[in-house]
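Enquirer: Shown below is the structure under consideration.
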Amino acid sequence: MRVSEEYERRVAAGELTADDAQRAVLWEFDRIAEELARPVKRGWFSKAPDPIKGLYLWGGVGRGKSMVMDLFVELLDVPARRVHFHAFMQEIHAAMHEARKAGVNDAIAPVAEGVAVKVRLLAFDEMQITDITDAMIVGRLFEKLFEAGVVVVTTSNRVPDDLYKNGLSRELFVPFIELIKERLTVWEMASETDYRQNRLEGEEVYFTPIGSEAREKIASIWDDLAGGSEPLNLSVKGRTVTLPAFRNGVGRVSFYDLCGQPLGAADYLAVAEACRVLILEDIPTLGRSNFNEAKRFVTLIDALYEARVRLIASAAAKPEMLYVEGEGVFEFERTASRLREMQAADWSQQPV
């Protein structure tokens, strides 16, 4: 079934809300699916098939980019893989490390070949480049993948020219941008509706006290926003920061996952970069007994606040009562104020 047909079926069934911006891009997915379905002629005198042009789908958060891409992948009958771009690059780095241990001179070539033999299409969620090590290898990696006939579709919050914007040695990255524009159709999904924000409009996003009721409400929000999960590992200055559950730009972690570990501002900035919504569970009361965890929590909230990440949380007390004794009570007042401000329905849409 064509993607456009399945989309209309789900709209008619009340499973999706019709959106003109989403409808407009569906023919691109239909095109790619039809080209992938054509048999590939092989032989000494066969002309090499023309490469299939992929898709770079960009636009604001919550517009349904990941949803339509997931629908496309679901309907494909060729080997395909849908993966968050951060997670894919972590796998590539690990595979290159193993290849170097085996003594190869060019680690990218065998790693790209290993990917290409498994899939015909790669579907990336939220392509973004913030790490210089990623920036330095993606160009040659994607060249090899394209040469092997792998088709790429990806979502992003940024137009290609803004990838790795202001990054170190960005001039070395520019050829990758040109490669993307050459091999992928660049399409802006310019919907006026933020479906992710609308799902939360009028909904409670800060649950207290911690208990079964809070857990059930959090689980319901997670199921609605994410609809599945996979771990996401972020590489930060040689460390790995793990979000145990992640999907479609929504992360779900416990307080201990992020604040009970020896993490700092750079780690929390990476989390804020990866997530548009963060579900943070089981925030305890804070004070002398967990002062270090409290300091990390303050830093985390600052990072989320500055990046306008939507926060959904469960906590032992209301923001003003989380930190009531010990050194740092006065300083925590700003954090409590930000936690209150971040509960507003339209908070993430407000200018900083």
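Chain lettering (A, B, ...) mirrors the order of the structure tokens, residue numbering begins at 1 for each chain separately, and ligand numbering begins at 1 in order of display.
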Would you please extract all alpha helix (DSSP H) residues from stretch 147-299 of chain A, as assigned by DSSP on the backbone, and give them as a ChimeraX atom specification?

Expert: /A:147,174-183,195-200,212-225,255-259,265-274,291-299

Enquirer: Listing only residues of stretch 94-173 of chain A within 12 Å of stretch 229-242 of chain A, what is the closest atom pair and its distance in Å (to one decimal) for each, using only C-alpha atoms, sorted by chain and residue number ascending, as a Markdown table?

Expert:
| residue | atom | partner | partner_atom | distance |
| --- | --- | --- | --- | --- |
| A:Ala94 | CA | A:Ser235 | CA | 11.1 |
| A:Asp125 | CA | A:Leu232 | CA | 11.9 |
| A:Thr130 | CA | A:Val236 | CA | 10.3 |
| A:Asp131 | CA | A:Val236 | CA | 8.4 |
| A:Ile132 | CA | A:Lys237 | CA | 10.6 |
| A:Thr133 | CA | A:Ser235 | CA | 10.1 |
| A:Asp134 | CA | A:Ser235 | CA | 10.2 |

Enquirer: Mind checking which residues fall within 9 Å of stretch 62-78 of chain A, counting only C-alpha atoms, ignoring those fewer than 2 positions away in the same chain, and posting them as a ChimeraX atom specification?

Expert: /A:1-3,6-7,21-22,25-26,29-30,33,36-37,57-60,80-82,119-121,123-126,153-156,189-198,248,276

Enquirer: List the spatial neighbours of stretch 255-270 of chain A as a PDB file with N, CA and C atoms, in the first residue's frame - criterion: any atom at most 8 Å away, only C-alpha atoms, same-chain residues fewer than 5 positions off excluded.

Expert:
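Okay, this is what ended up in around-v1.pdb:
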ATOM      1  N   LEU A 234      24.700   9.244  24.411  1.00  0.00           N
ATOM      2  CA  LEU A 234      25.310  10.490  23.956  1.00  0.00           C
ATOM      3  C   LEU A 234      26.768  10.511  24.364  1.00  0.00           C
ATOM      4  N   VAL A 236      29.963  12.579  25.216  1.00  0.00           N
ATOM      5  CA  VAL A 236      30.301  13.936  25.654  1.00  0.00           C
ATOM      6  C   VAL A 236      31.714  13.925  26.222  1.00  0.00           C
ATOM      7  N   VAL A 241      26.685   9.416  28.122  1.00  0.00           N
ATOM      8  CA  VAL A 241      25.500   9.750  28.897  1.00  0.00           C
ATOM      9  C   VAL A 241      24.336   8.975  28.278  1.00  0.00           C
ATOM     10  N   THR A 242      23.678   8.143  29.070  1.00  0.00           N
ATOM     11  CA  THR A 242      22.635   7.267  28.547  1.00  0.00           C
ATOM     12  C   THR A 242      21.247   7.722  28.971  1.00  0.00           C
ATOM     13  N   LEU A 243      20.372   7.854  27.992  1.00  0.00           N
ATOM     14  CA  LEU A 243      18.945   8.033  28.253  1.00  0.00           C
ATOM     15  C   LEU A 243      18.313   6.659  28.046  1.00  0.00           C
ATOM     16  N   LEU A 280      11.239  13.444  33.428  1.00  0.00           N
ATOM     17  CA  LEU A 280      12.174  13.221  34.532  1.00  0.00           C
ATOM     18  C   LEU A 280      11.381  12.712  35.734  1.00  0.00           C
ATOM     19  N   GLU A 281      11.642  11.491  36.143  1.00  0.00           N
ATOM     20  CA  GLU A 281      10.840  10.860  37.189  1.00  0.00           C
ATOM     21  C   GLU A 281      11.572  10.770  38.524  1.00  0.00           C
ATOM     22  N   ASP A 282      10.770  10.784  39.592  1.00  0.00           N
ATOM     23  CA  ASP A 282      11.226  10.486  40.949  1.00  0.00           C
ATOM     24  C   ASP A 282      12.244  11.487  41.484  1.00  0.00           C
ATOM     25  N   ILE A 283      11.947  12.772  41.338  1.00  0.00           N
ATOM     26  CA  ILE A 283      12.801  13.800  41.949  1.00  0.00           C
ATOM     27  C   ILE A 283      12.557  13.769  43.458  1.00  0.00           C
ATOM     28  N   PRO A 284      13.588  13.542  44.264  1.00  0.00           N
ATOM     29  CA  PRO A 284      13.386  13.459  45.717  1.00  0.00           C
ATOM     30  C   PRO A 284      13.437  14.840  46.362  1.00  0.00           C
ATOM     31  N   GLU A 293      23.804  15.908  44.371  1.00  0.00           N
ATOM     32  CA  GLU A 293      22.717  15.624  43.445  1.00  0.00           C
ATOM     33  C   GLU A 293      21.865  16.870  43.211  1.00  0.00           C
ATOM     34  N   ALA A 294      21.672  17.659  44.281  1.00  0.00           N
ATOM     35  CA  ALA A 294      20.890  18.889  44.167  1.00  0.00           C
ATOM     36  C   ALA A 294      21.576  19.895  43.240  1.00  0.00           C
ATOM     37  N   ARG A 296      23.595  19.193  40.809  1.00  0.00           N
ATOM     38  CA  ARG A 296      23.462  18.706  39.428  1.00  0.00           C
ATOM     39  C   ARG A 296      22.057  18.978  38.895  1.00  0.00           C
ATOM     40  N   PHE A 297      21.078  18.835  39.755  1.00  0.00           N
ATOM     41  CA  PHE A 297      19.694  19.082  39.344  1.00  0.00           C
ATOM     42  C   PHE A 297      19.512  20.535  38.928  1.00  0.00           C
ATOM     43  N   THR A 299      21.794  22.492  37.701  1.00  0.00           N
ATOM     44  CA  THR A 299      22.466  22.651  36.412  1.00  0.00           C
ATOM     45  C   THR A 299      21.639  22.055  35.280  1.00  0.00           C
ATOM     46  N   LEU A 300      21.027  20.901  35.528  1.00  0.00           N
ATOM     47  CA  LEU A 300      20.173  20.260  34.527  1.00  0.00           C
ATOM     48  C   LEU A 300      18.994  21.157  34.169  1.00  0.00           C
ATOM     49  N   ALA A 303      19.980  24.025  31.977  1.00  0.00           N
ATOM     50  CA  ALA A 303      20.228  23.621  30.587  1.00  0.00           C
ATOM     51  C   ALA A 303      18.913  23.413  29.838  1.00  0.00           C
ATOM     52  N   LEU A 304      17.963  22.749  30.467  1.00  0.00           N
ATOM     53  CA  LEU A 304      16.669  22.505  29.837  1.00  0.00           C
ATOM     54  C   LEU A 304      15.918  23.816  29.604  1.00  0.00           C
TER      55      LEU A 304
END

Enquirer: Using only C-alpha atoms, which of the listed residues (A:Arg340, A:Arg247, A:Lys181, A:Arg288) sits closest to A:Leu311?

Expert: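 So, comparing all the options, the nearest one is A:Arg340.
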
Enquirer: Give me every strand (DSSP E) residue in stretch 199-235 of chain A, going by DSSP on the backbone, as a PyMOL selection string.

Expert: chain A and resi 206-207+230-235

Enquirer: Of the candidates A:Pro175, A:Asp223, A:Ile52, A:Gly211, which one gets nearest to A:Gly149 if we count only C-alpha atoms?

Expert: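 Distance minimum relative to A:Gly149 lands on A:Ile52.
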
Enquirer: Considering only C-alpha atoms, state which residue in the set A:Met136, A:Asp162, A:Ala315, A:Ala109 is at the smallest distance from A:Tyr206.

Expert: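 For A:Tyr206, the nearest of the candidates is A:Ala315.
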
Enquirer: Point out the residue among A:Val61, A:Leu168, A:Ala245, A:Ile180 with the least atom-to-atom distance to A:Arg310, counting only C-alpha atoms.

Expert: A:Val61

Enquirer: Taking 5 positions as the minimum chain separation for residues in the same chain, which residues sit within 9 Å of A:Ile279 when counting only C-alpha atoms? Answer as a ChimeraX atom specification.

Expert: /A:218,222,250-254,310-314

Enquirer: Quick one: everything within 9 Å of A:Tyr305, counting only C-alpha atoms, minus sequence neighbours fewer than 4 positions away in the same chain. Send it as a PyMOL selection string.

Expert: chain A and resi 272+300-301+309-311+338-339+342+348+352

Enquirer: Output N, CA and C atoms of each residue in that selection to a file, as a short mmCIF file (atom, residue, chain, number, x, y, z; two decimals), in the first residue's frame.

Expert:
data_model
loop_
_atom_site.label_atom_id
_atom_site.label_comp_id
_atom_site.auth_asym_id
_atom_site.auth_seq_id
_atom_site.Cartn_x
_atom_site.Cartn_y
_atom_site.Cartn_z
N ALA A 272 19.88 18.31 26.51
CA ALA A 272 18.96 19.34 26.05
C ALA A 272 18.98 19.46 24.53
N LEU A 300 21.03 20.90 35.53
CA LEU A 300 20.17 20.26 34.53
C LEU A 300 18.99 21.16 34.17
N ILE A 301 18.30 21.69 35.17
CA ILE A 301 17.14 22.54 34.91
C ILE A 301 17.55 23.79 34.14
N VAL A 309 13.41 23.17 26.42
CA VAL A 309 12.96 21.79 26.40
C VAL A 309 11.73 21.65 27.29
N ARG A 310 10.71 20.98 26.79
CA ARG A 310 9.50 20.76 27.58
C ARG A 310 9.79 19.73 28.65
N LEU A 311 9.51 20.04 29.89
CA LEU A 311 9.80 19.15 31.02
C LEU A 311 8.51 18.58 31.59
N ARG A 338 11.85 28.52 38.00
CA ARG A 338 11.91 28.02 36.63
C ARG A 338 11.04 26.77 36.47
N LEU A 339 11.02 25.92 37.47
CA LEU A 339 10.17 24.73 37.41
C LEU A 339 8.71 25.13 37.31
N MET A 342 8.10 26.55 33.76
CA MET A 342 8.15 25.52 32.73
C MET A 342 6.88 24.67 32.68
N SER A 348 7.29 26.36 26.21
CA SER A 348 8.38 26.07 25.28
C SER A 348 8.27 26.87 24.00
N VAL A 352 13.04 33.20 24.75
CA VAL A 352 13.90 33.17 25.94
C VAL A 352 14.07 34.58 26.47
#

Enquirer: List the spatial neighbours of A:His97 as a ChimeraX atom specification - criterion: any atom at most 12 Å away, only C-alpha atoms, same-chain residues fewer than 5 positions off excluded.

Expert: /A:90-92,102-108,110-111
